[in-house]
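Since the structure comes first, as structure tokens, the remarks are kept for the end.
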Amino acid sequence: MAVKSVAVKSAAKRADTKKSPPKKARLKKKTCDLGFLTTVIILLVLGLMMVFSASYPSAYYTFGSGYYFIKRQLIWAIFGVIAMVITSNISFRKYKQIAPTLFIISLLLLVVVLIPGIGKNIKGARRWLGFGPLTIQPSEIAKITLILFYAYLLEKDGANIKKFKVLAKYALIAAIPMGFMLLQPHFSVCIITAIPLVIMLLVAGARVRYFALAAAPVAAIGTFIAIAEPYRLARLTTFLNPFADRLGAGWQIIQSLYAIGSGGIFGLGFGNSRQKFMYVSEPQNDFIFAIICEELGFIGAIAILAVFAVLFWRGMKIAVSSPDTFSSLAVTGIISLVACQVILNIAVVTSSIPTTGIPLPFFSAGGSSLIFLLAAMGIVLNISKYETQKI
Amino acid sequence: MNINSPKRKMRIRILVSFITFTALLALLGVRLVFLQIVDGDTLSREALQQQTRDSEVASNRGVIYDRNLKKLAQSAAVETVTANPNEIQKAKKDINEISLRLSDVLGVEKETISEQLSKKVNHVVLKRKVDSDTAAKVRELNLTGIYLQEDAKRVYPFGKFASHVIGFTGFDNQGLGGIEMVYDNQLKGVPGRVISLKNALDSDMPFKEEKHIDPENGTNVVLTIDETIQHFVEKHLENAYYNEKVQKGAAGIVMDVKTGGILAMATMPDYDLNAPFELIDETEANRIKQIANQEEKISEQNKALQKMWRNKAVVDTYEPGSCFKIITACMALEEGLVNMNTPFFCSGAKVVGPTKIRCANVNGHGAQTFVEAVKNSCNPAFIEIGQKVGHDLFYKYYKAFGFTETTGFDLPGEASGIFHAMENFNEVELATSAFGQSFQITPLQLISAVSSVANGGKLMKPYLVQELIDDDGNIIKSTEPTVVRQVISKQTSDTMCSLLENVVANGTGQNAYIKGYRLAGKTGTSEKRPRGNGKYIASFIGFAPANDPKVCCLILLDEPSNGEYYGGRIAAPVVGKIMEDIMRYLNVEQQFTEEEKESMDSFVPDVKGLNVQNAAKRLAAESLKYKVIGSGDTVKDQMPKVGANLTANSVVILYMDDGAAQEVTVPNVYGMPLSDVQATLGAHTLNMSIVSAGATGSTSARTIAIVQDPAPGTVVPAGTVVRVEFRFLDVD
């Protein structure tokens with residue numbers, strides 16, 4: 001790793017004992033948070049192993065080679081690690097500086113992707129931009145730049161965030177990129193973009209009651225939309241009893257539950273999933289956690305949940321002890337982004353909420369998201385080098 | 001640090017969000033507890049159900065043996081070619097090409113195969129029961145989605161042999177007729193299973209994980225049928241069937257009178273068990289082929305097949321005719337209503353109530369004793385006997401002999417017979433029933449009843465399965481002979497045996513006579529309903545030896561159409577020939593009467609190399625005469641050769657010189673009585689050998705030659721033995 005491991009323990013101790021907050025002009029740079037880094041590496045390695053195992057049959061049957069997906073995923077991982085090394089070596093102050101620019105660029109990309117002929121239309125959605133063999137989703141970039149831009153603005157607004165007007169401004173800012181995302185259309189990415197932003201606003205000091213007030217009409221409208229169309233209601237409630245429509249709406253989720261249930265306590269063993277043989281559709285993508293449960297069992301699945309919990313804990317610790325509001329909020333946003341994806345993905349796979357297409361960070365195969373995930377981890381790692389407080 | 005600073009509030013809110021995330025993860029963990037631990041078994045069982053393929057492995061069907069463990073039906077390993085069209089379609093294989101290649105190997109139309117492969121299903125059968133060579137070729141093609149399944153094919157080594165008894169199996173090796181059907185459960189065994197994993201595309205997983213449950217082989221069935229005896233019956237029955245141009249089929253049964261075991265059971269026409277769905281009757285097959293209407297065609301085809309598969313000996317009922325007089329006679333004897341010398345008078349007909357019933361002998365038998373009435377098969381006498389017995393006793397015995405119910409035999413579709421309702425069983429019905437008309441029974445019922453007459457009075461339950469054995473020959477189940485009831489006394493039985501022996505030796509049964517084996521029996525000729533159409537059933541039932549009966553044989557010819565229809569003329573010789581073969585096969589000791597000993601056949605001794613005097617002595621010792629041809633000192637050659645069978649006083653030709661034998665032309669002796677035949681052949685320097693069954697002893701002018709071999713006009717060496725078969729004409 002490019003992160004310098006010149007841990008100067010005495011310097012760290014000295015920083016801790018100082019009563020006054022660190023001088024803005026010069027922050028003591030330490031080694032990055034090794035716990036966080038280790039967790040990221042563990043998840044990355046486990047993710048690659050599971051992609052290999054889960055994708056083998058579908059790659060074999062679809063492309064004639066079981067290595068089709070893992071080869072690509074490895075390449076993405078290498079690029080991702082490089083991106084992480086780079087982002088972890090760029091000072092967080094640089095991010096603060098360029099946050100507005102990055103936000104504008106990602107807005108532009110979100111517009112460009114909607115233009116027919118430039119944005120790649122796959123299965124009726126225009127979500128991808130292609131550069132040769134590389135395809136990226138601008139929404140992946142936007143998720144992160146929006147977090148950075150929020151952190152930038154929130155630091156500037158300070159306590160003003162308590163005002164409703166200021167809060168409304170943030171809503172408007174978020175509405176622009178999310179509007180473009182809906183045009184793709186990409187509903188699920190809207191949700192996972194919105195949740196970290198809301199958390200950031202709350203953490204920055206926004207009043208909870210405003211959100212509660214906003215939540216009531218949103219819930220009412222949502223309920224109305226859901227109930228108005230019986231088919232939509234049916235789809236939404238499929239998760240409550242997927243077995244009511246075994247071969248139709250329930251098929252995908254039933255296959256997922258079969259995989260999870262087959263795993264039992266100890267699992268069928270790594271590589272031994274049977275459900276990945278075309279029963280679970282695209283087992284290397286959104287439903288990869290079902291295959292994890294089948295192969296590694298309850299023990300393995302809980303262990304992976306625990307590793308994620310460690311990641312969140314280390315991340316939040318970095319956020320709490322970060323040098324300024326911007327970095328604290330940026331880390332909070334990034335960790336929230338990962339957490340809400342993990343929680344929503346597993347909730348879908350275990351049929352705890354209605355099905356929506358959310359990948360499992362570090363595990364789901366699928367191109368650019370891994371690069372931007374690791375790049376975001378790099379940002380967190382960089383901020384971790386400037387830890388000031390311990391709680 | 002200020003406790004109320006915004007920084008601190010931020011930290012708390014960050015902590016709250018972390019706790020929220022962790023709590024949510026924990027909730028998902030709880031969800032996993034339910035899914036993987038609580039419901040894990042249910043879910044994984046359901047998952048396994050969709051992930052596994054459960055295919056059957058055929059069990060070996062048991063062998064059907066004859067009583068001497070000769071295999072009559074066995075299974076051979078074959079393979080069935082199947083396909084998974086969904087798999088082929090999902091793999092985007094060229095159905096056209098696959099069809100073409102399979103078509104070559106399997107010999108099935110390419111269109112038929114491609115049609116099957118285009119179906120949206122997971123399993124189709126392309127060709128059943130292919131041999132191992134074809135299977136190997138299919139394997140070599142190595143085509144996606146084409147599979148070979150182990151299968152078994154039923155093989156009947158003797159083809160048409162005992163077809164109606166053995167029965168046959170269908171495509172899935174299920175028994176469809178005869179023993180194959182009745183003992184299907186025992187024969188088929190328990191199929192095994194192979195449980196293997198499959199993917200959602202319905203093809204095998206790359207890793208093999210299979211669970212085998214071995215099949216349990218079927219039990220083997222040992223029949224009471226004796227392959228040799230069955231063969232005798234089939235041979236002679238088939239000859240009679242074609243010679244007499246029998247229209248409605250013929251049946252023959254041989255029963256072991258002591259046990260009730262069936263030694264042979266045949267029905268003509270028979271069919272090939274290896275191709276049971278092909279009609280034997282070509283005229284019928286062609287007629288059906290030409291039916292345009294598909295539905296009608298199928299229905300006609302089915303009707304014709306059902307008819308071909310009918311086991312006449314068990315399923316069809318008929319009027320037994322005079323054969324039944326055995327039973328009537330038993331009733332009267334058992335009840336002491338007649339004795340040997342009870343007088344009867346026959347004027348050629350008898351008036352019963354409003355009806356005049358004729359005797360077969362229209363001139364009448366005149367005054368006769370009971371013994372003679374049986375020998376003559378006289379209807380008026382039996383009407384009187386019936387009247388002596390009376391309605392109630394008649395029906396009591398009728399029932400006791402088992403005619404009112406099925407015998408509980410091992411073959412399907414057994415009929416139980418039709419008798420008068422008691423309120424309609426009046427004077428005329430009693431009269432006609434007494435000589436075997438106006439009611440119907442099955443051949444199997446009759447042979448069971450007559451066997452009881454022969455065996456000392458015990459009605460035995462007829463059976464066809466001797467035992468069930470496993471592959472190592474251990475007996476699983478064995479049939480013990482079952483006495484249904486004692487119907488008549490041993491004494492009545494003995495009397496009947498001698499009465500019936502007399503029928504064959506001196507009466508209407510003479511054509512069944514066999515030298516040395518003391519055959520007892522009774523003829524039967526019944527006119528079919530409606531009467532007056534000239535359609536008859538000719539039958540004969542006999543058992544031997546009369547002093548210690550061993551086997552009973554019944555032959556029935558339904559609508560003979562070659563001029564003769566009397567059971568005594570055409571059915572009796574069949575029973576005679578069969579019984580002679582059986583007696584010889586069973587090594588029954590021959591018993592000759594004095595008369596028979598005199599007319600015993602002579603065996604030609606070897607006289608070559610002797611001078612005339614010595615040769616003459618040798619020949620005289622065998623009651624043979626001789627004729628010398630040539631002038632040499634010693635016999636150079638003789639005709640017939642050593643070992644030939646000749647009637648006494650036949651002439652052996654002695655050639656004293658080397659050189660060509662003298663040749664003669666065989667004369668026509670058809671229709672001649674015995675004495676004339678002997679004279680005619682003698683005049684042509686030919687010798688005679690009487691075919692041993694039949695009316696050999698009779699010198700009556702009513703006994704005439706009906707078969708000769710060689711045929712008239714054949715040129716043969718002098719002294720050649722001409723085989724002649726005679727028929728006694730005064731029968732019914």
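Chain identifiers are assigned as A, B, and so on, following the order in which chains appear in the structure tokens; residues are numbered from 1 within each chain, and ligands are numbered from 1 in order of appearance.
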
Could you tell me which residues of chain B sit within 10 Å of chain A when counting only C-alpha atoms, and give me the result as number ranges by chain?
B: 1, 6-19, 21-48, 50-51, 90-91, 197-202, 205-207

Determine which residues of stretch 282-375 of chain A receive a DSSP assignment of helix (DSSP H, G or I), computed from the backbone, and state them as an NGL selection string.
:A and (288-320 or 325-349 or 368-375)

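The environment of B:Thr317 within 7 Å, counting only C-alpha atoms and disregarding residues fewer than 5 places along the same chain, consists of Ala415, Gly417, Gln440, Ile441 and Thr442 of chain B.
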
Mind giving me the straight-line distance from atom CA of B:Ser451 to atom CA of B:Lys490 in Å, one decimal?
12.6 Å

Within 12 Å of B:Lys119 using only C-alpha atoms, minus same-chain residues under 4 positions, as a ChimeraX atom specification:
/B:83-89,95,112-115,123-125

Could you give me, as an mmCIF file with C-alpha atoms, in the first residue's frame, the residues within 9 Å of B:Met265, counting only C-alpha atoms and dropping anything in the same chain fewer than 5 positions from it?
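Saved result, around-v5.cif, follows:
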```
data_model
loop_
_atom_site.group_PDB
_atom_site.id
_atom_site.type_symbol
_atom_site.label_atom_id
_atom_site.label_comp_id
_atom_site.auth_asym_id
_atom_site.auth_seq_id
_atom_site.Cartn_x
_atom_site.Cartn_y
_atom_site.Cartn_z
ATOM 1 C CA ALA B 162 -47.963 -71.463 -25.002
ATOM 2 C CA HIS B 164 -52.229 -67.854 -24.340
ATOM 3 C CA VAL B 165 -50.830 -69.158 -21.078
ATOM 4 C CA ILE B 225 -46.742 -76.543 -17.813
ATOM 5 C CA GLN B 230 -47.226 -78.511 -24.326
ATOM 6 C CA VAL B 233 -50.458 -80.693 -27.696
ATOM 7 C CA GLU B 234 -49.569 -77.735 -29.875
ATOM 8 C CA ALA B 251 -58.343 -75.572 -27.688
ATOM 9 C CA GLY B 252 -56.479 -78.322 -25.907
ATOM 10 C CA ILE B 253 -55.784 -78.920 -22.223
ATOM 11 C CA VAL B 254 -53.748 -81.588 -20.469
ATOM 12 C CA MET B 255 -54.237 -81.936 -16.729
ATOM 13 C CA ALA B 313 -59.726 -73.051 -22.975
#
```

Using only C-alpha atoms, which residue out of B:Lys399, B:Lys93, B:Lys137, B:Lys248 lies closest to B:Leu556?
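Among B:Lys399, B:Lys93, B:Lys137, B:Lys248, it is B:Lys248 that comes nearest to B:Leu556.
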
Please run DSSP on the backbone and report, as a ChimeraX atom specification, all residues within stretch 440-687 of chain B that come out as strand (DSSP E or B).
/B:440-441,458-460,463,465-469,475-478,483-486,514,520-527,536-544,551-558,602-603,611,625-629,634,637-639,645-646,651-655,663-665,673,687

Compile the contact shell of A:Thr145 as a JSON list (two decimals) with C-alpha atoms, in the first residue's frame: residues with an atom at most 6 Å away, counting only C-alpha atoms, same-chain residues fewer than 4 positions apart removed.
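Below is the file out.json, written as the result:
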```json
[["chain", "number", "residue", "atom", "x", "y", "z"],
["A", 102, "LEU", "CA", -16.68, 17.50, -9.02],
["A", 103, "PHE", "CA", -20.37, 18.04, -8.37],
["A", 149, "PHE", "CA", -20.51, 18.66, -2.04]]
```

In Å, rounded to a single decimal, give me how far atom CA of A:Gln184 is from atom CA of A:Pro230.
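The value is 24.9 Å.
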
Using only C-alpha atoms, determine which residues lie at most 12 Å from B:Leu519, disregarding the query and same-chain residues fewer than 4 positions distant; provide the list as a PyMOL selection string.
chain B and resi 454+497-506+509-515+540-553+572-573+575-580+582-583+590-592+693-694

Could you tell me how far atom CA of B:Leu646 sits from atom CA of B:Glu622, in Å to one decimal place?
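Separating atom CA of B:Glu622 from atom CA of B:Leu646 is a distance of 9.7 Å.
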